[in-house]
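Everything below concerns the one structure shown next.
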Amino acid sequence: MIQGHGDDAYLFNHPIVADFSSNVWYGGTQEKLVQHIAGKVSGVGHYPDAGAVKLQQQIEQREELTPGMVMVTNGGTEAIYLVAQAFSGATTTVVVPSFAEYADACKLHKHELSYFFWEKLAPDTRFITDLVFICNPNNPTAQVMSEEGMLQLIQFNNRTIFIIDEAYIQFTRNAITLLPRLHQLSNVLIVRSLTKTCCIPGLRLGYLAGQKPLLDKVRAFRMPWSVNSLALEAGYYIMDHPEEFELPLDSLLADTYQLWEGVRKMPEFKAYPTHTHYFLFETLTGTAAALKLWLVNNYGILIRDASNFYGLEQGHCRVACRNEEDNQLLITALHQWTLS
């Protein structure tokens, strides 16, 4: 799906003053990181590290993983497509509604696809497919499965390979990463993104982690130089200065609750529960597409039309929390939509 994701302001002529459509941390790119990258621009005259080995080793050391348990990728999306390619023709379940690229990657590589709804997911769910894609916290529903529940699910289905997308794991208090458990989990691959908390989506930087024998099956399909030199430099800086990228999570979640509560109180909308900094809501007086266009044209506000997620309806929207001023602007605008 090339079109239809969030952060699509480039499609509009109207200036965007508040972008709620992207789940990237709204605080913006760290100035020190920008300066570091700017100082490395001259390096684009040379090829980058073909296998991103230096950054791979830095991540392995930071996460206390053994050599070969990390593969750095051109964003989490490259990791997803490489997994689909490595297991071409497999039977695969995608837990939905969720990121469209899981299914799109599998369709591209001739998987036999089936879907399982997140609301029915439990630690004792039985899967009969070769692979299962799960996003935790889930995008766009903002629901989570606890560490204990996820471990039970994995052990209960020990013949299935789980691809667990943890792109938003740092944005919740209700779930924790399974990275420290990977040494005991031979049937798990974890997708991680460095773009969400560090606010560098334009650089495309992520990684795939798993036990070496399983990860090597995927690594065999990666192309050289897939991660550019400036993205690698950003990764080096992030690994060397992790304290600069810690989220103000308590205040972010508190602000999210206030925004969610503001939407929930309006009878024209149905707000769905959340465990992270974004949430779904449904307009009951029109379509998400119409609301999105109206907000852009009248307020310069951009939201995510979530109607193209498998299993969602025409009224579903997704928003991610921003600062107090922007959040209030959205609430004001939604009030006006109800009167229009």
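Ordered as shown in the structure tokens, chains take letters A, B, and onward, while each chain numbers its residues from 1 and ligands are numbered from 1 in the order shown.
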
Long-range neighbours of region 297-311 of chain A as JSON, numbers by chain, 6 Å cut-off, only C-alpha atoms, 2 positions minimum in chain: {"A": [6, 15, 16, 17, 18, 19, 20, 21, 97, 288, 289, 292, 294, 295, 313, 314, 316, 317, 318, 319]}

Limited to C-alpha atoms, could you put the picked residues into a file as an mmCIF file, in the first residue's frame?
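Once written, result24.cif looks like this:
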```cif
data_model
loop_
_atom_site.group_PDB
_atom_site.id
_atom_site.type_symbol
_atom_site.label_atom_id
_atom_site.label_comp_id
_atom_site.auth_asym_id
_atom_site.auth_seq_id
_atom_site.Cartn_x
_atom_site.Cartn_y
_atom_site.Cartn_z
ATOM 1 C CA GLY A 6 -0.521 8.400 7.857
ATOM 2 C CA PRO A 15 -0.628 23.895 5.165
ATOM 3 C CA ILE A 16 -0.770 21.441 8.070
ATOM 4 C CA VAL A 17 -0.410 23.032 11.513
ATOM 5 C CA ALA A 18 -1.058 19.904 13.626
ATOM 6 C CA ASP A 19 -0.351 16.385 12.358
ATOM 7 C CA PHE A 20 -2.213 13.779 14.398
ATOM 8 C CA SER A 21 -1.960 11.182 11.636
ATOM 9 C CA PRO A 97 -6.830 -4.878 12.218
ATOM 10 C CA ALA A 288 -13.446 9.262 8.122
ATOM 11 C CA ALA A 289 -12.436 10.446 4.658
ATOM 12 C CA LYS A 292 -10.134 14.168 7.396
ATOM 13 C CA TRP A 294 -12.799 18.868 6.433
ATOM 14 C CA LEU A 295 -10.196 19.118 9.209
ATOM 15 C CA GLU A 313 -15.421 0.641 8.913
ATOM 16 C CA GLN A 314 -15.748 3.868 6.914
ATOM 17 C CA HIS A 316 -12.862 4.863 11.811
ATOM 18 C CA CYS A 317 -10.102 7.430 12.455
ATOM 19 C CA ARG A 318 -6.809 7.251 14.329
ATOM 20 C CA VAL A 319 -5.054 10.088 16.116
#
```

Polymer residues at most 8 Å from region 23-38 of chain A, only C-alpha atoms, same-chain spacing of 5 or more positions, as a list of chain:residue names: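 Once the nearby chain positions are removed, what remains is A:Thr195, A:Lys196, A:Thr197, A:Cys198, A:Cys199, A:Ile200, A:Pro201, A:Leu230, A:Glu233, A:Ala234, A:Tyr237, A:Ile238, A:Glu244, A:His277, A:Tyr278, A:Val319, A:Ala320, A:Cys321, A:Arg322, A:Asn323.
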
Just the selected residues (N, CA and C atoms), exported as a PDB file, in the first residue's frame, please.
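The resulting file, again_32.pdb, is reproduced below:
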```
ATOM      1  N   THR A 195      12.672   4.844  14.366  1.00  0.00           N
ATOM      2  CA  THR A 195      12.136   6.099  13.832  1.00  0.00           C
ATOM      3  C   THR A 195      11.063   6.713  14.707  1.00  0.00           C
ATOM      4  N   LYS A 196      10.353   5.898  15.512  1.00  0.00           N
ATOM      5  CA  LYS A 196       9.176   6.393  16.228  1.00  0.00           C
ATOM      6  C   LYS A 196       9.565   7.271  17.414  1.00  0.00           C
ATOM      7  N   THR A 197      10.387   6.747  18.331  1.00  0.00           N
ATOM      8  CA  THR A 197      10.757   7.524  19.511  1.00  0.00           C
ATOM      9  C   THR A 197      11.808   8.576  19.190  1.00  0.00           C
ATOM     10  N   CYS A 198      12.636   8.336  18.179  1.00  0.00           N
ATOM     11  CA  CYS A 198      13.717   9.268  17.843  1.00  0.00           C
ATOM     12  C   CYS A 198      13.301  10.270  16.777  1.00  0.00           C
ATOM     13  N   CYS A 199      12.095  10.115  16.260  1.00  0.00           N
ATOM     14  CA  CYS A 199      11.530  11.055  15.299  1.00  0.00           C
ATOM     15  C   CYS A 199      12.420  11.236  14.062  1.00  0.00           C
ATOM     16  N   ILE A 200      12.732  10.105  13.416  1.00  0.00           N
ATOM     17  CA  ILE A 200      13.517  10.155  12.179  1.00  0.00           C
ATOM     18  C   ILE A 200      12.872   9.267  11.100  1.00  0.00           C
ATOM     19  N   PRO A 201      11.557   9.361  10.892  1.00  0.00           N
ATOM     20  CA  PRO A 201      10.929   8.467   9.916  1.00  0.00           C
ATOM     21  C   PRO A 201      11.455   8.653   8.499  1.00  0.00           C
ATOM     22  N   LEU A 230      23.671   8.117   6.156  1.00  0.00           N
ATOM     23  CA  LEU A 230      23.160   9.076   7.130  1.00  0.00           C
ATOM     24  C   LEU A 230      22.254   8.395   8.153  1.00  0.00           C
ATOM     25  N   GLU A 233      24.610   6.781  10.550  1.00  0.00           N
ATOM     26  CA  GLU A 233      25.179   7.763  11.472  1.00  0.00           C
ATOM     27  C   GLU A 233      24.173   8.132  12.566  1.00  0.00           C
ATOM     28  N   ALA A 234      22.902   8.254  12.183  1.00  0.00           N
ATOM     29  CA  ALA A 234      21.867   8.513  13.187  1.00  0.00           C
ATOM     30  C   ALA A 234      21.816   7.375  14.186  1.00  0.00           C
ATOM     31  N   TYR A 237      24.656   7.509  16.696  1.00  0.00           N
ATOM     32  CA  TYR A 237      24.445   8.558  17.692  1.00  0.00           C
ATOM     33  C   TYR A 237      23.406   8.112  18.717  1.00  0.00           C
ATOM     34  N   ILE A 238      22.330   7.512  18.253  1.00  0.00           N
ATOM     35  CA  ILE A 238      21.270   7.067  19.159  1.00  0.00           C
ATOM     36  C   ILE A 238      21.799   6.014  20.128  1.00  0.00           C
ATOM     37  N   GLU A 244      19.172  10.659  25.659  1.00  0.00           N
ATOM     38  CA  GLU A 244      18.583  11.804  24.957  1.00  0.00           C
ATOM     39  C   GLU A 244      17.262  11.451  24.266  1.00  0.00           C
ATOM     40  N   HIS A 277      -0.100   5.973  23.111  1.00  0.00           N
ATOM     41  CA  HIS A 277      -0.255   7.406  22.845  1.00  0.00           C
ATOM     42  C   HIS A 277      -1.137   7.703  21.650  1.00  0.00           C
ATOM     43  N   TYR A 278      -1.700   6.702  21.032  1.00  0.00           N
ATOM     44  CA  TYR A 278      -2.635   6.904  19.928  1.00  0.00           C
ATOM     45  C   TYR A 278      -3.905   6.104  20.214  1.00  0.00           C
ATOM     46  N   VAL A 319      -5.824   8.894  15.795  1.00  0.00           N
ATOM     47  CA  VAL A 319      -5.054  10.088  16.116  1.00  0.00           C
ATOM     48  C   VAL A 319      -3.985   9.738  17.151  1.00  0.00           C
ATOM     49  N   ALA A 320      -2.881  10.439  17.086  1.00  0.00           N
ATOM     50  CA  ALA A 320      -1.814  10.295  18.074  1.00  0.00           C
ATOM     51  C   ALA A 320      -1.699  11.600  18.857  1.00  0.00           C
ATOM     52  N   CYS A 321      -1.469  11.471  20.145  1.00  0.00           N
ATOM     53  CA  CYS A 321      -1.407  12.637  21.026  1.00  0.00           C
ATOM     54  C   CYS A 321      -0.303  13.599  20.617  1.00  0.00           C
ATOM     55  N   ARG A 322      -0.626  14.900  20.719  1.00  0.00           N
ATOM     56  CA  ARG A 322       0.362  15.941  20.511  1.00  0.00           C
ATOM     57  C   ARG A 322       0.414  16.815  21.768  1.00  0.00           C
ATOM     58  N   ASN A 323       0.906  18.043  21.644  1.00  0.00           N
ATOM     59  CA  ASN A 323       0.984  18.915  22.810  1.00  0.00           C
ATOM     60  C   ASN A 323      -0.402  19.439  23.176  1.00  0.00           C
TER      61      ASN A 323
END
```

DSSP alpha helix (DSSP H) residues within region 147-340 of chain A, as a count of residues only: 78

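The spacing separating CA of Asp255 (chain A) from CA of Thr285 (chain A) amounts to 25.9 Å.
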
From A:Glu119, A:Ile176, A:Val188, A:Phe133, residue lying nearest Arg159 (chain A) [only C-alpha atoms]: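 Between A:Glu119, A:Ile176, A:Val188, A:Phe133, the residue approaching Arg159 (chain A) most closely is A:Val188.
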
Which of region 24-139 of chain A fall in strand (DSSP E or B), as a PyMOL selection string: chain A and resi 70-73+91-96+112-117+131-135

Nearest to Ser226 (chain A), chosen from A:Leu185, A:Val41, A:Val72, A:Ile134, with only C-alpha atoms counted in the distances: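 Among A:Leu185, A:Val41, A:Val72, A:Ile134, it is A:Val72 that comes nearest to Ser226 (chain A).
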
Top pick for closest residue to Cys135 (chain A), considering A:Pro180, A:Pro267, A:Gly76, A:Gly89 and counting only C-alpha atoms: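 Ranking A:Pro180, A:Pro267, A:Gly76, A:Gly89 by distance to Cys135 (chain A), first place goes to A:Gly76.
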